[in-house]
$ cat start.txt   # compact mmCIF, C-alpha atoms
# COMPACT_ATOMS: atom_id res chain seq x y z
CA MET A 971 111.39 63.90 76.24
CA LYS A 972 115.03 64.89 76.79
CA LEU A 973 114.90 66.99 73.63
CA ILE A 974 111.85 68.91 74.88
CA THR A 975 113.52 69.51 78.26
CA LEU A 976 116.67 70.75 76.52
CA PHE A 977 114.60 73.09 74.32
CA ILE A 978 112.79 74.56 77.33
CA PHE A 979 116.09 75.02 79.17
CA LEU A 980 117.74 76.76 76.21
CA SER A 981 114.67 78.94 75.69
CA SER A 982 114.89 80.14 79.31
CA ILE A 983 118.58 80.97 78.91
CA ILE A 984 117.85 82.98 75.75
CA ASN A 985 115.10 84.92 77.54
CA ILE A 986 117.37 85.68 80.51
CA ASP A 987 120.01 86.92 78.06
CA LEU A 988 117.41 89.14 76.36
CA LEU A 989 116.36 90.59 79.72
CA GLU A 990 119.98 91.39 80.57
CA LYS A 991 120.59 92.95 77.13
CA GLY A 992 117.42 95.01 77.42
CA ILE A 993 118.39 96.26 80.87
CA ARG A 994 121.85 97.24 79.58
CA LYS A 995 120.25 99.32 76.80
CA TYR A 996 117.88 100.85 79.36
CA ASN A 997 120.82 101.76 81.63
CA LYS A 998 122.49 103.49 78.66
CA GLY A 999 119.36 105.56 78.02
CA LYS A 1000 118.48 103.71 74.82
CA TYR A 1001 114.84 103.20 75.75
CA LEU A 1002 113.37 102.34 72.34
CA ARG A 1003 116.08 99.75 71.76
CA ALA A 1004 115.53 98.37 75.27
CA ILE A 1005 111.82 97.94 74.52
CA GLU A 1006 112.59 96.22 71.20
CA ILE A 1007 114.94 93.75 72.87
CA LEU A 1008 112.71 93.12 75.88
CA ASN A 1009 109.68 92.49 73.67
CA LYS A 1010 111.49 89.50 72.15
CA ILE A 1011 111.11 87.65 75.46
CA GLU A 1012 108.53 84.89 75.24
CA LYS A 1013 105.28 85.59 77.08
CA LYS A 1014 105.71 82.70 79.52
CA ASP A 1015 109.05 84.11 80.70
CA LYS A 1016 107.99 87.72 81.22
CA SER A 1017 108.84 88.66 84.78
CA SER A 1018 108.09 91.60 87.02
CA ASP A 1019 111.48 93.01 85.99
CA TYR A 1020 110.51 92.75 82.33
CA TYR A 1021 107.30 94.71 82.89
CA PHE A 1022 109.07 97.28 85.08
CA TYR A 1023 111.85 98.01 82.59
CA VAL A 1024 109.50 98.21 79.61
CA GLY A 1025 107.15 100.44 81.60
CA HIS A 1026 109.94 102.69 82.82
CA SER A 1027 111.35 102.94 79.30
CA TYR A 1028 107.95 104.11 78.07
CA SER A 1029 107.87 106.62 80.92
CA TYR A 1030 111.20 108.08 79.78
CA LEU A 1031 109.71 108.33 76.28
CA ASP A 1032 106.82 110.37 77.76
CA LYS A 1033 104.33 107.57 77.14
CA ASN A 1034 103.05 107.46 80.68
CA GLU A 1035 99.69 105.86 79.90
CA THR A 1036 101.50 102.91 78.35
CA SER A 1037 103.99 102.79 81.21
CA ILE A 1038 101.16 102.43 83.73
CA ILE A 1039 99.84 99.37 81.89
CA TYR A 1040 103.26 97.74 82.23
CA TYR A 1041 103.61 98.78 85.88
CA ASP A 1042 100.23 97.17 86.59
CA SER A 1043 101.47 93.93 85.03
CA ALA A 1044 104.64 94.09 87.15
CA ILE A 1045 102.51 94.58 90.27
CA GLN A 1046 100.33 91.58 89.40
CA ILE A 1047 103.46 89.42 89.44
CA ASN A 1048 105.17 91.07 92.43
CA ASP A 1049 103.26 93.52 94.60
CA LYS A 1050 106.22 94.02 96.97
CA ASN A 1051 108.41 96.13 94.67
CA ASP A 1052 108.33 99.67 96.03
CA MET A 1053 110.02 101.11 92.91
CA VAL A 1054 107.15 99.97 90.69
CA PHE A 1055 104.63 101.78 92.89
CA PHE A 1056 106.84 104.87 93.00
CA GLU A 1057 107.27 105.02 89.22
CA LYS A 1058 103.58 104.30 88.64
CA GLY A 1059 102.81 107.19 90.98
CA PHE A 1060 105.17 109.46 89.08
CA SER A 1061 103.51 108.55 85.77
CA ASN A 1062 100.06 109.13 87.25
CA PHE A 1063 101.17 112.52 88.56
CA ILE A 1064 102.54 113.54 85.15
CA LEU A 1065 99.18 112.56 83.64
CA GLY A 1066 97.33 114.72 86.18
CA ASN A 1067 95.99 111.76 88.17
CA SER A 1068 97.15 113.13 91.52
CA TYR A 1069 94.79 111.08 93.70
CA GLU A 1070 95.92 107.85 92.03
CA ALA A 1071 99.54 109.01 92.29
CA LEU A 1072 99.06 109.59 96.01
CA LYS A 1073 97.78 106.02 96.45
CA ASN A 1074 100.83 104.71 94.59
CA LEU A 1075 103.25 106.73 96.72
CA ASN A 1076 101.47 105.63 99.91
CA LYS A 1077 102.07 102.02 98.88
CA ALA A 1078 105.72 102.68 97.98
CA ILE A 1079 106.26 104.23 101.43
CA GLU A 1080 104.42 101.35 103.11
CA LEU A 1081 106.85 98.95 101.42
CA LYS A 1082 109.98 101.06 102.00
CA PRO A 1083 109.38 103.65 104.74
CA ASN A 1084 112.99 104.88 104.88
CA ASN A 1085 113.21 106.23 101.33
CA ALA A 1086 113.44 110.02 101.56
CA LYS A 1087 112.75 110.48 97.84
CA TYR A 1088 109.33 108.90 98.27
CA TYR A 1089 108.40 111.41 100.98
CA VAL A 1090 109.57 114.35 98.85
CA ASN A 1091 107.45 113.22 95.93
CA ARG A 1092 104.43 112.34 98.04
CA GLY A 1093 104.71 115.77 99.66
CA THR A 1094 104.70 117.38 96.23
CA ILE A 1095 101.57 115.46 95.27
CA LYS A 1096 99.86 116.41 98.53
CA TYR A 1097 100.81 120.04 98.01
CA ASP A 1098 99.35 119.87 94.50
CA LEU A 1099 96.12 118.51 96.00
CA GLY A 1100 95.96 121.33 98.57
CA TYR A 1101 97.05 119.26 101.58
CA LYS A 1102 99.70 121.79 102.58
CA GLU A 1103 100.22 120.70 106.20
CA SER A 1104 100.49 117.04 105.26
CA ALA A 1105 102.86 117.93 102.40
CA CYS A 1106 105.09 119.84 104.79
CA ASN A 1107 105.13 116.88 107.19
CA ASP A 1108 106.31 114.63 104.36
CA TRP A 1109 109.04 117.08 103.39
CA TYR A 1110 110.22 117.32 107.01
CA ASN A 1111 110.22 113.51 107.23
CA ALA A 1112 112.32 113.39 104.07
CA ILE A 1113 114.88 115.74 105.63
CA LYS A 1114 115.03 113.56 108.76
CA LEU A 1115 115.94 110.61 106.53
CA ASP A 1116 118.33 112.52 104.27
CA ASP A 1117 119.19 116.14 105.01
CA LYS A 1118 120.44 116.70 101.46
CA ILE A 1119 117.35 115.37 99.64
CA ILE A 1120 115.51 118.68 99.41
CA ASN A 1121 116.40 122.35 99.63
CA TYR A 1122 115.35 123.51 103.09
CA SER A 1123 114.63 127.04 101.83
CA MET A 1124 111.96 125.59 99.53
CA ILE A 1125 110.27 124.00 102.53
CA LYS A 1126 110.61 127.20 104.53
CA SER A 1127 108.93 129.26 101.83
CA ASN A 1128 106.03 126.80 101.48
CA CYS A 1129 105.56 125.59 105.04
CA ILE A 1130 106.15 128.49 107.39

$ encode --input "start.txt" --output "structure tokens"
Amino acid sequence: MKLITLFIFLSSIINIDLLEKGIRKYNKGKYLRAIEILNKIEKKDKSSDYYFYVGHSYSYLDKNETSIIYYDSAIQINDKNDMVFFEKGFSNFILGNSYEALKNLNKAIELKPNNAKYYVNRGTIKYDLGYKESACNDWYNAIKLDDKIINYSMIKSNCI
């Protein structure tokens, strides 16, 4: 029994180490290598962070359909991570799924209402969908949160 407990403990340490190594590769922009390392983590130890970093790596590799699958898995484990919803929205927008992207950004803003970047991006999606007034409101809200987040002349040319 002690041997089994020791094996499980060591296995968890190895998987944590793999997650940290994968994240380091991700942070260095080595997305394929990050995916290779992260995919060595045993299924039972795959966390929301695992799914987020693999998904975001795929997004950087312009494999947004695959990234969305991983973001969905991250959300199933932890539906309170605003970044996952934001990145899923970005991937959906890139794929031309603007309505789905809008839902994702709405959720990201619900979870973290003081993130100016979320308002800028949601405004862009709304503008793309033809919701000009609502887009402008989001851009103005972004400026209220961070006056350097967006070029005011861009808003002026699109909203006035």

$ residues_around --input "start.txt" --residues "Ile1113 of chain A" --least-positions-apart "3" --cutoff "10 Å" --atoms "all atoms listed in the file" --output "short mmCIF file (atom, residue, chain, number, x, y, z; two decimals) with C-alpha atoms, keeping the file's coordinate frame"
data_model
loop_
_atom_site.label_atom_id
_atom_site.label_comp_id
_atom_site.auth_asym_id
_atom_site.auth_seq_id
_atom_site.Cartn_x
_atom_site.Cartn_y
_atom_site.Cartn_z
CA ALA A 1086 113.44 110.02 101.56
CA LYS A 1087 112.75 110.48 97.84
CA TYR A 1089 108.40 111.41 100.98
CA VAL A 1090 109.57 114.35 98.85
CA ASN A 1107 105.13 116.88 107.19
CA ASP A 1108 106.31 114.63 104.36
CA TRP A 1109 109.04 117.08 103.39
CA TYR A 1110 110.22 117.32 107.01
CA ASP A 1116 118.33 112.52 104.27
CA ASP A 1117 119.19 116.14 105.01
CA LYS A 1118 120.44 116.70 101.46
CA ILE A 1119 117.35 115.37 99.64
CA ILE A 1120 115.51 118.68 99.41
CA ASN A 1121 116.40 122.35 99.63
CA TYR A 1122 115.35 123.51 103.09
CA ILE A 1125 110.27 124.00 102.53
#

$ residues_around --input "start.txt" --residues "Gly1100 of chain A" --least-positions-apart "6" --cutoff "12 Å" --atoms "all atoms listed in the file" --output "short mmCIF file (atom, residue, chain, number, x, y, z; two decimals) with C-alpha atoms, keeping the file's coordinate frame"
data_model
loop_
_atom_site.label_atom_id
_atom_site.label_comp_id
_atom_site.auth_asym_id
_atom_site.auth_seq_id
_atom_site.Cartn_x
_atom_site.Cartn_y
_atom_site.Cartn_z
CA SER A 1068 97.15 113.13 91.52
CA TYR A 1069 94.79 111.08 93.70
CA GLY A 1093 104.71 115.77 99.66
CA THR A 1094 104.70 117.38 96.23
CA CYS A 1106 105.09 119.84 104.79
CA ASN A 1128 106.03 126.80 101.48
#

$ residues_near_point --input "start.txt" --point "(106.9, 100.0, 93.8)" --cutoff "10 Å" --atoms "only C-alpha atoms" --output "list of chain:residue names"
A:Phe1022, A:Tyr1041, A:Ala1044, A:Ile1045, A:Asn1048, A:Asp1049, A:Lys1050, A:Asn1051, A:Asp1052, A:Met1053, A:Val1054, A:Phe1055, A:Phe1056, A:Glu1057, A:Lys1058, A:Gly1059, A:Asn1074, A:Leu1075, A:Asn1076, A:Lys1077, A:Ala1078, A:Ile1079, A:Glu1080, A:Leu1081, A:Lys1082

$ atom_distance --input "start.txt" --atom1 "atom CA of Tyr1020 of chain A" --atom2 "atom CA of Asp987 of chain A"
11.9 Å

$ closest_atom_pairs --input "start.txt" --of "segment 1028-1050 of chain A" --to "segment 996-1005 of chain A" --cutoff "8 Å" --atoms "only C-alpha atoms" --output "JSON lines"
{"residue": "A:Tyr1028", "atom": "CA", "partner": "A:Tyr1001", "partner_atom": "CA", "distance": 7.3}
{"residue": "A:Tyr1030", "atom": "CA", "partner": "A:Tyr1001", "partner_atom": "CA", "distance": 7.3}
{"residue": "A:Leu1031", "atom": "CA", "partner": "A:Tyr1001", "partner_atom": "CA", "distance": 7.3}

$ closest_residue --input "start.txt" --among "A:Ile1095, A:Met1124, A:Leu1115, A:Leu1008" --to "Pro1083 of chain A" --atoms "only C-alpha atoms"
A:Leu1115

$ atom_distance --input "start.txt" --atom1 "atom CA of Leu1072 of chain A" --atom2 "atom CA of Tyr1023 of chain A"
21.9 Å
